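K.L.:
If you scroll down you'll find the structure; I have some questions about it.
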Amino acid sequence: MAERGETAESLAAKVQVDPKTAARWLTADRIPHPHTRIAVAKVLGRDAAELWPEPFRRRDLSWFRPWADLEQDATSLRSYQPLLVPGLLQTEEYARAVLGTGALLPPAEVEEIVASRIARQRVLDRDDPPQLVAVINEVVLRRPVGDGSVMAGQLRHLAAVAEREHVQVRVIPADGPWHTGLAGRPFVLGRLPDGTELAYLDNQLRGQVVTDPVDVASLGRRWESVTGEALPRRRSIELIREVAETWT
């Protein structure tokens with residue numbers, strides 16, 4: 001910025017952000033959205049990877065990277081996960097237990113993906129975080145992943161994060177009736193700043209970014225179905241805390 005004669009105020013004006021936001025980029029733990037990084041790099045005549053190298057040290061799986069970038073840009077995320085705690089809400093210990101199960105990945109690769117997953121969670125700590133609504137099945141709270149201490153720590157973390165204003169975690173009770181909305185794979189719906197709606201589908205092999213409006217609308221209808229079966233926000237947090245105590 002000094003070399004280009006830019007101040008936080010002048011740079012902010014050129015990339016259309018608040019000057020306070022631009023000033024925060026001068027601290028080590030403040031990283032702009034992907035599209036803003038590109039704009040800043042252009043103004044300063046530098047490569048974005050030189051200004052903020054951390055996001056470019058890609059430790060996640062190659063097929064997941066397109067969604068990881070979109071996730072950082074999203075203004076809202078709606079996640080349905082019938083089997084596991086969503087990645088953005090996992091503790092390091094829980095993520096390590098999930099990825100290490102079955103010895104499908106070498107330990108070094110597990111650690112790299114865990115580090116990437118935890119780094120992704122910084123999006124929830126930004127000054128302008130996305131609104132995150134996560135719907136999970138009650139079985140996610142009760143199925144052991146790792147040992148009891150891993151589960152207790154994960155559920156306490158889940159309850160704490162769910163208290164944030166921009167995060168909701170809602171639980172579908174195990175004694176609820178079966179309906180077709182509960183079938184199928186986990187998915188995430190995202191909305192970008194320009195209003196674009198897209199989705200992410202996961203499976204046993206790799207994930208898929210869905211951009212077709214018809215398919216995204218279909219997942220939106222499934223989302224409405226599963227949220228209709230979930231407990232209210234406050235009752236969900238109470239249930240998470242109740243189950244956390246059973247793991248101690």
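Just so we're on the same page: first chain in the structure tokens is A, next is B, and so on; residues restart at 1 for each chain, and ligands are numbered from 1 in the order they show up.
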Applying 9 Å and only C-alpha atoms, which residues near Thr91 in chain A remain after dropping the ones on its own chain fewer than 4 positions away? List them as a list in words.
P.N.:
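The filter keeps Gly87, Ala95, Arg96, Ile118, Val150, Gly153, Gln154, His157 and Leu158 of chain A.
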K.L.:
Please produce an output containing N, CA, C and O atoms for each residue in the selection, written as a PDB file, in the first residue's frame.
P.N.:
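Dumped to result-v7.pdb:
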ATOM      1  N   GLY A  87     -18.973 -29.708   8.407  1.00  0.00           N
ATOM      2  CA  GLY A  87     -17.558 -29.385   8.514  1.00  0.00           C
ATOM      3  C   GLY A  87     -17.284 -28.034   9.147  1.00  0.00           C
ATOM      4  O   GLY A  87     -16.312 -27.875   9.903  1.00  0.00           O
ATOM      5  N   ALA A  95     -13.127 -33.867  13.588  1.00  0.00           N
ATOM      6  CA  ALA A  95     -12.741 -33.956  12.181  1.00  0.00           C
ATOM      7  C   ALA A  95     -11.662 -35.011  11.984  1.00  0.00           C
ATOM      8  O   ALA A  95     -11.694 -35.799  11.025  1.00  0.00           O
ATOM      9  N   ARG A  96     -10.701 -35.049  12.880  1.00  0.00           N
ATOM     10  CA  ARG A  96      -9.626 -36.037  12.775  1.00  0.00           C
ATOM     11  C   ARG A  96     -10.178 -37.457  12.919  1.00  0.00           C
ATOM     12  O   ARG A  96      -9.752 -38.376  12.195  1.00  0.00           O
ATOM     13  N   ILE A 118     -10.456 -26.677   9.533  1.00  0.00           N
ATOM     14  CA  ILE A 118     -10.490 -25.716  10.636  1.00  0.00           C
ATOM     15  C   ILE A 118     -10.260 -24.297  10.117  1.00  0.00           C
ATOM     16  O   ILE A 118     -10.891 -23.339  10.578  1.00  0.00           O
ATOM     17  N   VAL A 150     -14.266 -36.963  22.708  1.00  0.00           N
ATOM     18  CA  VAL A 150     -14.390 -36.294  21.415  1.00  0.00           C
ATOM     19  C   VAL A 150     -15.823 -35.842  21.195  1.00  0.00           C
ATOM     20  O   VAL A 150     -16.083 -34.706  20.791  1.00  0.00           O
ATOM     21  N   GLY A 153     -16.826 -32.970  23.637  1.00  0.00           N
ATOM     22  CA  GLY A 153     -16.243 -31.705  23.196  1.00  0.00           C
ATOM     23  C   GLY A 153     -16.921 -31.165  21.956  1.00  0.00           C
ATOM     24  O   GLY A 153     -17.149 -29.956  21.835  1.00  0.00           O
ATOM     25  N   GLN A 154     -17.255 -32.067  21.034  1.00  0.00           N
ATOM     26  CA  GLN A 154     -17.910 -31.632  19.806  1.00  0.00           C
ATOM     27  C   GLN A 154     -19.299 -31.054  20.085  1.00  0.00           C
ATOM     28  O   GLN A 154     -19.669 -30.001  19.538  1.00  0.00           O
ATOM     29  N   HIS A 157     -19.113 -27.678  21.792  1.00  0.00           N
ATOM     30  CA  HIS A 157     -18.740 -26.670  20.793  1.00  0.00           C
ATOM     31  C   HIS A 157     -19.925 -26.333  19.901  1.00  0.00           C
ATOM     32  O   HIS A 157     -20.175 -25.151  19.604  1.00  0.00           O
ATOM     33  N   LEU A 158     -20.661 -27.352  19.488  1.00  0.00           N
ATOM     34  CA  LEU A 158     -21.817 -27.145  18.618  1.00  0.00           C
ATOM     35  C   LEU A 158     -22.849 -26.257  19.298  1.00  0.00           C
ATOM     36  O   LEU A 158     -23.400 -25.324  18.680  1.00  0.00           O
TER      37      LEU A 158
END
K.L.:
Can you list every residue in range 44-199 of chain A that DSSP puts in strand (DSSP E or B), as a list in words?
P.N.:
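Across range 44-199 of chain A, those assigned strand (DSSP E or B) are Ser76, Leu77, Arg78, Ser79, Tyr80, Gln81, Gln131, Leu132, Val133, Ala134, Val135, Ile136, Asn137, Val167, Gln168, Val169, Arg170, Val171, Ile172, Phe187, Val188, Leu189, Gly190, Arg191, Glu197, Leu198 and Ala199 of chain A.
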K.L.:
Would you return as a ChimeraX atom specification the members of range 42-245 of chain A that DSSP assigns to helix (DSSP H, G or I) on this structure's backbone?
P.N.:
/A:42-44,48-51,54-56,62-73,87-89,92-103,107-125,138-142,148-161,180-182,213-229,233-245
K.L.:
Using only C-alpha atoms, can you tell me which of A:Glu245, A:Ala12, A:Leu26, A:Val98 comes closest to Pro144 in chain A?
P.N.:
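So, comparing all the options, the nearest one is A:Val98.
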K.L.:
Just to confirm, what's the straight-line distance from CA of Pro232 in chain A to CA of Trp247 in chain A in Å (one decimal)?
P.N.:
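Pair CA of Pro232 in chain A / CA of Trp247 in chain A returns 23.1 Å.
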K.L.:
For Arg24 in chain A, which residue out of A:Glu92, A:Glu112, A:Asp127, A:Glu3 is the nearest one, using only C-alpha atoms?
P.N.:
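Comparing A:Glu92, A:Glu112, A:Asp127, A:Glu3 against Arg24 in chain A, the winner is A:Asp127.
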K.L.:
So how many Å separate CA of Gly146 in chain A and CA of Ser79 in chain A, to one decimal?
P.N.:
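Going from CA of Gly146 in chain A over to CA of Ser79 in chain A covers 22.9 Å.
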K.L.:
Taking only C-alpha atoms into account, which of A:Ala162, A:Ala23, A:Thr101, A:Leu189 comes nearest Arg221 in chain A?
P.N.:
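Result for the nearest residue to Arg221 in chain A: A:Leu189.
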K.L.:
If you measure from CA of Ala134 in chain A to CA of Arg185 in chain A, what distance in Å do you get, rounded to one decimal?
P.N.:
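Taking CA of Ala134 in chain A and CA of Arg185 in chain A, their separation equals 14.4 Å.
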K.L.:
May I have the residues within 12 Å of Gly5 in chain A as a list in words, using only C-alpha atoms and disregarding those fewer than 6 positions away in the same chain?
P.N.:
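Using only C-alpha atoms, the neighbours found are Leu11, Val43, Leu44 and Gly45 of chain A.
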K.L.:
Applying 8 Å and only C-alpha atoms, which residues near Val243 in chain A remain after dropping the ones on its own chain fewer than 4 positions away? List them as number ranges by chain.
P.N.:
A: 141-142, 155, 239, 247
K.L.:
Using only C-alpha atoms, can you tell me which of A:Thr211, A:Thr196, A:Thr7, A:Thr246 comes closest to Gly148 in chain A?
P.N.:
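For Gly148 in chain A, the nearest of the given residues is A:Thr246.
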K.L.:
Any idea what's packed within 7 Å of Val145 in chain A, counting only C-alpha atoms, ignoring anything in its chain fewer than 3 positions away? Could you give it as number ranges by chain?
P.N.:
A: 94, 97-98, 151
K.L.:
If you count only C-alpha atoms, which residues fall within 9 Å of Gly190 in chain A, apart from same-chain ones fewer than 5 positions away, as a list in words?
P.N.:
Leu70, Glu71, Ala74, Thr75, Ser76, Leu77, Arg78, Ser79, Thr196, Glu197, Leu198, Ala199 and Tyr200 of chain A
K.L.:
Neighbouring residues of Leu88 in chain A were defined as those with any atom within 8 Å, considering only C-alpha atoms; residues of the same chain fewer than 3 positions away were excluded. Please report them as a count of residues only.
P.N.:
4
K.L.:
Given only C-alpha atoms as the basis, pick out the residue of A:Pro129, A:Pro177, A:Pro32, A:Pro186 nearest to Arg222 in chain A.
P.N.:
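For Arg222 in chain A, the nearest of the candidates is A:Pro186.
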K.L.:
Under the rule that only C-alpha atoms are counted, which of A:Ala174, A:Ala159, A:Ala39, A:Ile31 is the nearest residue to Arg126 in chain A?
P.N.:
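Of A:Ala174, A:Ala159, A:Ala39, A:Ile31, the one nearest Arg126 in chain A is A:Ile31, counting only C-alpha atoms.
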